[in-house]
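*Asks:* This is the structure I want to talk about, given as structure tokens.
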Amino acid sequence: MTPHFGLPEFGFLLRGLQWTVLLTLVAFAGGCTAGLAVALLRTCGHKGVEWITRIYIGIFQGTPLLLQLFVVYYGLALTGLKLDAFVAVAIGFTVNASAFLGEIWRGAIQAVPRGQTEAAMALGLHYSSRMRDIVLPQAIRISLPATIGYLVQLIKGTSLAAIVGFIELARAGQIVSNQTFQPLLVFGVVGAMYFILCWPLSWWGSRMEARLALASQR
Amino acid sequence: MLFSSNRRQLGIALLALAAIAIAGKSQAGTLEDVKKKGVVVVGIQGDNPPWGYVDSSGKQDGIDADMGRAFAEYLGVKAEFVPLAVANRIPALTTGRVDILFATMAMLPERAKAVQYSKPYVANEITLVAAQATPINSNADMGKYVIGVPRSSTQDTQVTNSAPAGTEIRRFDDDAATIQALLSGQVQAVGANSFYPQRLNAAKRELGFRAQASLYCSLQRGLHAPWRQGVERDGQQIHRRDQVEWQAGRILRQMDEGARADLPRLGPRRSIHRPVATARGRRIIRVGRRPQRSRIHAGPDPDRNEGRAEVVRRVPGTSRC
Amino acid sequence: MGYTLDFSVVWHAVPALLWGCVGTLGLALAGMTLAMVIGVAGVAARDSKAAWLRAIVIGFVEIVRNTPFLVQIFFLFFALPLIGLKLNPTATAIIALGVNGGAYAIEIIRGGVQSIHKGQVEAGYALGLHKGQVFRFIVLKPALRAIYPSLTGQFIMLTLTSSICSAVSAYELTSVAQRIESDTFRSFEVYFSVTFLYLAISWLLMLGFAVISHRFFSYPTR
């Protein structure tokens with residue numbers, strides 16, 4: 001009657017992993033786009049707009065991701081848009097990512113030496129060209145370790161989609177653990193899957209950070 | 001062009017874009033909409049076999065899934081399942097995330113204020129399940145143990161109402177976590193449905209899990225939100241008695257013998273809200289503050305007639321509701 | 001016809017919600033205390049001479065930092081009892097928070113310790129300070145000052161993370177919110193309001209930490 005943890009169960013976890021990866025990719029892509037907008041607004045020079053984006057970032061950094069998901073999940077439904085769980089959850093993560101990435105890139109944009117911007121202005125470059133050709137390429141380089149760090153947070157964060165019922169890796173683990181009654185093994189495997197996903201990124205990020213630190217010492 | 005030449009313009013443009021993205025068109029989900037879409041979105045449980053669960057191949061299965069598919073077939077549309085955590089079921093419905101719930105839902109007074117019910121399609125017995133060595137013979141006994149329940153389930157309501165004050169009740173997100181908590185020994189008893197003992201014993205037969213006491217007979221129904229225009233009328237229409245009975249009967253006949261034996265038998269014309277005496281000779285727990293008939297019947301339930309019991313009664317069951 | 005928002009259910013539940021805030025802060029405080037203990041012990045072990053001890057600490061940090069908190073707390077709550085380690089939800093929550101925060105604390109504290117140059121300690125001795133004074137004024141205070149922003153940030157993170165402890169039925173703000181939700185089915189109203197309670201908590205904490213920082217660490221470095 002009780003299935004043991006075998007290939008089908010492992011396959012089920014892999015499918016959960018697939019959703020975790022997909023959710024992460026969608027949220028990260030959306031978060032990058034919206035985050036760039038947030039970062040640009042945050043540094044646009046207009047006091048009012050800067051304040052609004054600052055509050056926006058503050059709200060997302062000052063509240064639990066779980067609650068943000070709840071609010072987006074139920075709030076979106078209230079607007080009358082019928083979205084399936086994946087889209088709703090993906091929007092929740094995207095909004096969260098936009099705030100965090102926006103703040104990371106805000107810091108990076110401001111870390112680009114002011115002289116660069118001034119030189120570009122002296123050359124008569126417009127805002128768009130100044131940003132695209134001078135500031136952003138440098139800012140991206142500076143922000144890369146932090147961005148990767150956030151990507152790891154995002155992967156881990158997608159496990160919270162389990163609590164609103166979306167079947168990704170953590171939820172799949174719960175279901176399998178309940179079918180096989182081997183929580184030690186199942187949660188161990190689930191943990192290992194997350195680790196395999198996150199650890200190379202973490203490693204890459206810290207290596208990048210060390211390299212940047214070295215470069216700035218010179 | 002991604003970047004406006006004027007950064008202030010860019011700022012205002014992006015904010016406007018965000019505003020447009022947020023303001024969605026409000027839309028009422030009626031039966032017509034469902035038919036127009038060609039899909040009925042069914043809220044269901046993902047981890048509560050054999051009611052509603054996702055099998056190892058990722059397919060939604062279970063009695064509730066069969067009901068959902070039969071219902072969709074009846075409407076001539078496709079069924080799309082949204083697995084929900086226990087506590088998210090009614091909110092998912094009231095906020096319009098799903099069109100209907102087939103998700104192990106009993107009728108309770110608090111719920112009756114928020115949603116509308118179909119006719120019941122199957123009976124489910126809410127019991128207190130514990131290992132053999134943990135007898136529960138009275139309400140006072142409940143106070144001696146730590147009891148686990150899925151948050152905001154019927155079990156939660158019944159255990160909370162029946163247990164003496166000060167009983168330690170731990171609430172988990174779903175049935176899976178609740179069962180896991182009993183197996184791990186984090187709780188000594190759980191508020192259970194008809195299938196818990198079978199699932200628990202499959203894991204640890206040596207502990208001899210059994211339903212120690214019966215709390216409530218829950219007649220499971222499909223749920224839909226009352227305030228969406230058109231649904232009330234449609235509701236009466238789509239949950240026509242013959243339809244529900246036909247579907248439930250067919251589904252129950254297809255169930256395997258072992259699982260069917262665990263289901264309580266539905267007695268004719270019994271009040272569905274009274275505590276249950278069971279054929280297994282268990283002690284009966286008087287439900288402390290049990291749901292009041294009048295309040296339930298004052299609710300928006302279109303169906304007060306319990307004469308629909310015939311179909312389910314044919315099922316060879318061991319306890320009666 | 002749409003959904004009408006009704007925040008009165010939240011208003012009626014304000015006392016319960018405030019107690020939930022107390023529960024959340026309690027968990028976070030206890031978790032952070034444990035995290036600090038793990039952090040300090042971890043830093044000592046991380047730089048010990050025994051290779052196996054270093055490996056354990058590195059492994060611990062990497063595993064904790066690269067797996068989700070939800071999986072960690074599930075493991076502690078549901079799996080560990082099978083090998084005879086049974087903890088109640090509150091203890092589980094505190095340990096999970098402590099272990100999670102501890103892994104980050106190790107890295108933070110280590111960074112702080114490394115920021116103290118050996119030359120400064122030697123200079124301290126050269127000035128005739130005795131061992132306790134050197135530790136207090138030359139090692140501890142500058143190191144604390146260096147790690148203070150990261151540690152307080154970690155504390156706020158931990159406060160927010162504690163919301164996940166509701167999954168093992170620990171008593172804190174989110175579980176209180178879920179109780180109210182399950183009584184009223186007003187998810188959006190409840191969660192929206194509770195989100196702002198969390199915001200208030202984290203902003204108050206930030207303010208408090210800024211005041212402390214101003215009081216103790218506002219002296220010129222060079």
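Ordering of the structure tokens sets the chain letters (A, B, ...); residue numbers start at 1 within each chain; ligands are numbered from 1 in the order shown.
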Write down as a PyMOL selection string the residues of segment 8-159 of chain B whose backbone DSSP state falls under alpha helix (DSSP H).

*Replies:* chain B and resi 8-22+31-37+63-75+89-94+109-114+139-142+154-159

*Asks:* Counting only C-alpha atoms, which residues from chain B have an atom at most 6 Å from any atom of chain C, and could you show them as a list in words?

*Replies:* Pro91, Ser152, Arg170, Arg171, Phe172 and Ser184 of chain B

*Asks:* Take the residues from that selection and put them in a file with C-alpha atoms, as an mmCIF file, in the first residue's frame.

*Replies:*
data_model
loop_
_atom_site.group_PDB
_atom_site.id
_atom_site.type_symbol
_atom_site.label_atom_id
_atom_site.label_comp_id
_atom_site.auth_asym_id
_atom_site.auth_seq_id
_atom_site.Cartn_x
_atom_site.Cartn_y
_atom_site.Cartn_z
ATOM 1 C CA PRO B 91 -10.409 32.522 0.532
ATOM 2 C CA SER B 152 -9.264 25.949 9.513
ATOM 3 C CA ARG B 170 -1.533 22.569 17.237
ATOM 4 C CA ARG B 171 -2.649 23.785 13.852
ATOM 5 C CA PHE B 172 -0.789 22.815 10.703
ATOM 6 C CA SER B 184 6.649 11.989 14.413
#

*Asks:* Would you mind listing, for every residue of chain A within 7 Å of chain C, the two atoms forming the shortest contact and the distance between them in Å to one decimal, using only C-alpha atoms, sorted by chain and ascending residue number, as a Markdown table?

*Replies:*
| residue | atom | partner | partner_atom | distance |
| --- | --- | --- | --- | --- |
| A:Ile59 | CA | C:Leu199 | CA | 6.5 |
| A:Gly62 | CA | C:Leu199 | CA | 5.1 |
| A:Thr63 | CA | C:Leu199 | CA | 5.3 |
| A:Pro64 | CA | C:Leu160 | CA | 4.7 |
| A:Leu67 | CA | C:Thr195 | CA | 6.0 |
| A:Phe70 | CA | C:Tyr191 | CA | 6.5 |
| A:Val71 | CA | C:Phe192 | CA | 5.8 |
| A:Tyr74 | CA | C:Phe188 | CA | 5.6 |
| A:Gly75 | CA | C:Phe188 | CA | 6.0 |
| A:Leu78 | CA | C:Tyr3 | CA | 6.6 |
| A:Lys156 | CA | C:Pro68 | CA | 4.5 |
| A:Gly157 | CA | C:Pro68 | CA | 6.8 |
| A:Ser159 | CA | C:Pro68 | CA | 6.7 |
| A:Ala170 | CA | C:Val71 | CA | 6.7 |
| A:Pro183 | CA | C:Ala79 | CA | 5.3 |
| A:Leu184 | CA | C:Ala79 | CA | 4.6 |
| A:Phe187 | CA | C:Phe75 | CA | 6.1 |
| A:Gly191 | CA | C:Thr67 | CA | 5.9 |
| A:Tyr194 | CA | C:Thr67 | CA | 5.5 |
| A:Phe195 | CA | C:Asn66 | CA | 5.2 |
| A:Cys198 | CA | C:Asn66 | CA | 5.4 |
| A:Trp199 | CA | C:Asn66 | CA | 5.8 |

*Asks:* Write out as a PyMOL selection string the set of residues from segment 9-135 of chain B that DSSP, computed on the backbone, places in strand (DSSP E or B).

*Replies:* chain B and resi 39-45+47-48+52-54+60-61+78-84+100-101+116-130

*Asks:* Within 7 Å of chain B, which residues of chain A are there when counting only C-alpha atoms? Please give them as a VMD selection string.

*Replies:* chain A and resid 1 to 2 8 to 9 12 41 44 46 49 74 77 to 82 126 to 128 163 to 166 175 178 181

*Asks:* Rank nothing, just name the residue among C:Ala30, C:Val134, C:Leu25, C:Ala44 nearest to Val121 of chain C, using only C-alpha atoms.

*Replies:* C:Val134

*Asks:* Which residues, written as a list in words, have at least one atom at most 9 Å from segment 208-214 of chain C, with only C-alpha atoms counted and residues fewer than 3 positions away on the same chain left out?

*Replies:*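 Near neighbours after the sequence-gap exclusion: Arg145, Tyr148, Pro149, Thr152, Trp203, Leu204, Leu205, Phe217, Ser218 and Tyr219 of chain C.
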
*Asks:* What separation in Å, quoted to one decimal, exists between atom CA of Thr117 of chain A and atom CA of Val135 of chain A?

*Replies:*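 Atom CA of Val135 of chain A lies 7.0 Å from atom CA of Thr117 of chain A.
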